[in-house]
$ cat query12.pdb   # PDB, C-alpha atoms
MODEL        1
ATOM      1  CA  MET T   1     100.068  69.162  67.734
ATOM      2  CA  LYS T   2     102.525  69.323  70.655
ATOM      3  CA  MET T   3     104.358  72.059  68.800
ATOM      4  CA  VAL T   4     101.167  74.143  68.484
ATOM      5  CA  TYR T   5     100.465  73.821  72.213
ATOM      6  CA  SER T   6     104.057  74.727  73.023
ATOM      7  CA  VAL T   7     103.897  77.824  70.839
ATOM      8  CA  LEU T   8     100.543  78.868  72.326
ATOM      9  CA  LEU T   9     101.831  78.340  75.856
ATOM     10  CA  ALA T  10     104.943  80.391  75.108
ATOM     11  CA  LEU T  11     102.867  83.222  73.635
ATOM     12  CA  PHE T  12     100.539  83.163  76.637
ATOM     13  CA  CYS T  13     103.465  83.362  79.077
ATOM     14  CA  VAL T  14     105.205  86.149  77.160
ATOM     15  CA  SER T  15     102.006  88.196  76.859
ATOM     16  CA  GLY T  16     101.314  87.715  80.567
ATOM     17  CA  LEU T  17     104.798  88.902  81.463
ATOM     18  CA  ALA T  18     104.433  91.890  79.161
ATOM     19  CA  LEU T  19     101.113  92.848  80.739
ATOM     20  CA  ARG T  20     102.559  92.460  84.242
ATOM     21  CA  ALA T  21     105.572  94.593  83.312
ATOM     22  CA  GLN T  22     103.306  97.193  81.711
ATOM     23  CA  ASP T  23     101.069  97.238  84.802
ATOM     24  CA  ALA T  24     104.051  97.512  87.158
ATOM     25  CA  GLY T  25     105.375 100.462  85.156
ATOM     26  CA  ARG T  26     101.967 102.112  85.175
ATOM     27  CA  VAL T  27     101.355 101.814  88.889
ATOM     28  CA  GLN T  28     104.738 102.918  90.183
ATOM     29  CA  PRO T  29     104.593 106.648  90.876
ATOM     30  CA  SER T  30     107.680 108.631  91.777
ATOM     31  CA  VAL T  31     108.520 109.411  95.396
ATOM     32  CA  ALA T  32     107.816 113.081  94.697
ATOM     33  CA  GLU T  33     104.405 112.289  93.189
ATOM     34  CA  VAL T  34     103.341 110.187  96.176
ATOM     35  CA  LYS T  35     104.507 112.851  98.642
ATOM     36  CA  LYS T  36     102.711 115.619  96.720
ATOM     37  CA  ASN T  37      99.438 113.698  96.468
ATOM     38  CA  VAL T  38      99.482 112.751 100.152
ATOM     39  CA  GLN T  39     100.367 116.299 101.227
ATOM     40  CA  ASP T  40      97.650 117.921  99.120
ATOM     41  CA  GLY T  41      95.033 115.439 100.386
ATOM     42  CA  THR T  42      94.222 113.761  97.081
ATOM     43  CA  ALA T  43      95.723 110.470  98.268
ATOM     44  CA  SER T  44      96.513 108.601 101.441
ATOM     45  CA  LEU T  45      99.393 106.355 102.415
ATOM     46  CA  VAL T  46      98.603 103.038 104.120
ATOM     47  CA  ASP T  47     100.977 100.556 105.737
ATOM     48  CA  VAL T  48      99.634  97.006 105.356
ATOM     49  CA  ARG T  49     102.089  95.457 107.815
ATOM     50  CA  GLU T  50     100.675  93.995 111.005
ATOM     51  CA  ALA T  51     100.054  96.390 113.921
ATOM     52  CA  LYS T  52     103.167  95.335 115.878
ATOM     53  CA  ASP T  53     105.396  96.183 112.904
ATOM     54  CA  PHE T  54     103.575  99.465 112.294
ATOM     55  CA  THR T  55     103.989 100.419 115.968
ATOM     56  CA  ALA T  56     107.708  99.619 115.818
ATOM     57  CA  GLY T  57     108.136 102.156 113.013
ATOM     58  CA  HIS T  58     106.158 103.614 110.141
ATOM     59  CA  LEU T  59     106.081 106.537 107.746
ATOM     60  CA  GLN T  60     104.944 109.803 109.264
ATOM     61  CA  THR T  61     101.875 110.353 107.111
ATOM     62  CA  SER T  62     100.705 106.732 106.989
ATOM     63  CA  SER T  63      97.860 104.898 108.668
ATOM     64  CA  ASN T  64      97.717 101.168 109.315
ATOM     65  CA  LEU T  65      95.455  98.557 107.747
ATOM     66  CA  PRO T  66      97.040  95.144 108.436
ATOM     67  CA  ILE T  67      97.103  92.654 105.588
ATOM     68  CA  SER T  68      95.310  90.156 107.855
ATOM     69  CA  GLU T  69      92.324  92.534 107.988
ATOM     70  CA  VAL T  70      92.485  93.158 104.246
ATOM     71  CA  ARG T  71      92.389  89.398 103.591
ATOM     72  CA  THR T  72      89.175  89.127 105.639
ATOM     73  CA  LYS T  73      87.846  92.353 104.063
ATOM     74  CA  GLN T  74      87.638  94.211 107.365
ATOM     75  CA  PHE T  75      87.929  97.771 106.124
ATOM     76  CA  PRO T  76      87.388 100.782 108.416
ATOM     77  CA  ALA T  77      84.036 102.498 107.815
ATOM     78  CA  ASP T  78      85.778 105.823 107.116
ATOM     79  CA  PHE T  79      88.168 104.345 104.558
ATOM     80  CA  SER T  80      87.590 106.249 101.300
ATOM     81  CA  LYS T  81      86.804 104.554  98.006
ATOM     82  CA  ALA T  82      86.911 107.920  96.254
ATOM     83  CA  ARG T  83      90.513 108.790  97.086
ATOM     84  CA  THR T  84      93.675 107.130  95.788
ATOM     85  CA  THR T  85      95.443 105.040  98.411
ATOM     86  CA  TYR T  86      99.114 104.144  98.110
ATOM     87  CA  LEU T  87      99.927 100.877  99.882
ATOM     88  CA  TYR T  88     103.304  99.818 101.254
ATOM     89  CA  CYS T  89     104.554  96.879 103.299
ATOM     90  CA  GLY T  90     107.767  95.405 104.663
ATOM     91  CA  CYS T  91     108.116  92.642 102.071
ATOM     92  CA  PRO T  92     110.805  92.609  99.404
ATOM     93  CA  GLU T  93     109.318  93.781  96.082
ATOM     94  CA  GLY T  94     106.169  95.003  97.880
ATOM     95  CA  LYS T  95     104.403  91.627  97.638
ATOM     96  CA  GLY T  96     102.068  92.349 100.558
ATOM     97  CA  ALA T  97     101.104  95.705  99.078
ATOM     98  CA  PHE T  98     100.314  94.086  95.717
ATOM     99  CA  GLU T  99      98.214  91.391  97.426
ATOM    100  CA  ALA T 100      96.305  93.989  99.459
ATOM    101  CA  SER T 101      95.777  96.149  96.376
ATOM    102  CA  LYS T 102      94.291  93.282  94.387
ATOM    103  CA  ILE T 103      91.811  92.522  97.174
ATOM    104  CA  MET T 104      90.909  96.147  97.849
ATOM    105  CA  ASN T 105      90.525  97.110  94.194
ATOM    106  CA  GLY T 106      88.184  94.139  93.847
ATOM    107  CA  GLU T 107      86.065  95.724  96.584
ATOM    108  CA  GLY T 108      85.861  99.078  94.791
ATOM    109  CA  TYR T 109      88.808 100.932  96.359
ATOM    110  CA  HIS T 110      91.362 102.760  94.224
ATOM    111  CA  THR T 111      94.738 101.574  95.461
ATOM    112  CA  ILE T 112      98.223 101.706  94.038
ATOM    113  CA  PRO T 113     100.723  99.252  95.539
ATOM    114  CA  LEU T 114     104.246 100.562  95.987
ATOM    115  CA  LYS T 115     107.001  98.167  95.020
ATOM    116  CA  SER T 116     109.316  99.860  97.521
ATOM    117  CA  ASN T 117     109.005  98.501 101.045
ATOM    118  CA  TYR T 118     109.110 100.422 104.323
ATOM    119  CA  LYS T 119     112.913 100.506 104.633
ATOM    120  CA  GLU T 120     113.343 101.506 101.000
ATOM    121  CA  LEU T 121     110.824 104.325 101.373
ATOM    122  CA  VAL T 122     112.672 105.636 104.436
ATOM    123  CA  SER T 123     115.924 105.499 102.452
ATOM    124  CA  ALA T 124     114.195 107.398  99.631
ATOM    125  CA  GLY T 125     113.413 110.294 101.959
ATOM    126  CA  TYR T 126     110.065 109.573 103.569
ATOM    127  CA  GLU T 127     110.011 110.753 107.163
ATOM    128  CA  GLN T 128     109.533 108.198 109.908
ATOM    129  CA  ALA T 129     106.903 108.874 112.560
ATOM    130  CA  LYS T 130     108.357 109.905 115.880
TER     131      LYS T 130
ENDMDL
END
$ encode --input "query12.pdb" --output "structure tokens"
Amino acid sequence: MKMVYSVLLALFCVSGLALRAQDAGRVQPSVAEVKKNVQDGTASLVDVREAKDFTAGHLQTSSNLPISEVRTKQFPADFSKARTTYLYCGCPEGKGAFEASKIMNGEGYHTIPLKSNYKELVSAGYEQAK
């Protein structure tokens, strides 16, 4: 019986990892795709770092919605549920962006968390706000 539970647990873990990997591959657009969609107005770029970090430096085309406000579901009235929103943060692996995306998508928004953080996006060619 222990063997059956062990096998089932292993299958559950492997399938969960496969789904997570599949989801991560699906949601990670290229830098060029994000730039194009933001420039043509079909998507927006949102920094989920706290306001002090955003003020210290952010991407030129981004707006700020701090993760603390996302956690309490304080979304601006003009924040669009109809448009795709790419989320980025300062965390390694984009953990804050993934957390914010899960919350926001649960509220009916269409968000895509970026695994790349602020510094990585700047290194990839995104312009910093002046």
$ residues_near_point --input "query12.pdb" --point "(92.3, 97.5, 108.4)" --cutoff "7 Å" --atoms "all atoms listed in the file" --output "PyMOL selection string"
chain T and resi 64-66+69-70+74-76
$ resolve_selection --input "query12.pdb" --expression "the PyMOL selection byres ((chain T and resi 46-57) around 6)" --output "list of chain:residue names"
T:Leu45, T:His58, T:Ser62, T:Ser63, T:Asn64, T:Leu65, T:Pro66, T:Ile67, T:Leu87, T:Tyr88, T:Cys89
$ residues_around --input "query12.pdb" --residues "stretch 90-96 of chain T" --least-positions-apart "5" --cutoff "6 Å" --atoms "all atoms listed in the file" --output "list of chain:residue names"
T:Lys115, T:Ser116, T:Asn117, T:Tyr118
$ write_last_selection --input "query12.pdb" --atoms "C-alpha atoms" --output "mmCIF file, keeping the file's coordinate frame"
data_model
loop_
_atom_site.group_PDB
_atom_site.id
_atom_site.type_symbol
_atom_site.label_atom_id
_atom_site.label_comp_id
_atom_site.auth_asym_id
_atom_site.auth_seq_id
_atom_site.Cartn_x
_atom_site.Cartn_y
_atom_site.Cartn_z
ATOM 1 C CA LYS T 115 107.001 98.167 95.020
ATOM 2 C CA SER T 116 109.316 99.860 97.521
ATOM 3 C CA ASN T 117 109.005 98.501 101.045
ATOM 4 C CA TYR T 118 109.110 100.422 104.323
#
$ closest_residue --input "query12.pdb" --among "T:Arg83, T:Lys36, T:Arg71, T:Lys130" --to "T:Ala97" --atoms "only C-alpha atoms"
T:Arg71
$ closest_residue --input "query12.pdb" --among "T:Ser30, T:Ser101, T:Thr111, T:Gln39" --to "T:Thr61" --atoms "only C-alpha atoms"
T:Gln39
$ closest_residue --input "query12.pdb" --among "T:Glu120, T:Tyr126, T:Phe79, T:Lys102" --to "T:Val38" --atoms "all atoms listed in the file"
T:Tyr126
$ atom_distance --input "query12.pdb" --atom1 "atom CA of T:Asn37" --atom2 "atom CA of T:Thr72"
28.2 Å
$ atom_distance --input "query12.pdb" --atom1 "atom CA of T:Ala82" --atom2 "atom CA of T:Gln28"
19.5 Å
$ atom_distance --input "query12.pdb" --atom1 "atom CA of T:His110" --atom2 "atom CA of T:Ser80"
8.7 Å
$ axis_aligned_box --input "query12.pdb" --around "stretch 71-76 of chain T" --padding-each-side "5 Å" --output "JSON"
{"center_x": 89.9, "center_y": 95.0, "center_z": 106.0, "size_x": 15.0, "size_y": 21.7, "size_z": 14.8}
$ closest_residue --input "query12.pdb" --among "T:Ala100, T:Gln128, T:Tyr86, T:Leu121" --to "T:Val34" --atoms "all atoms listed in the file"
T:Tyr86
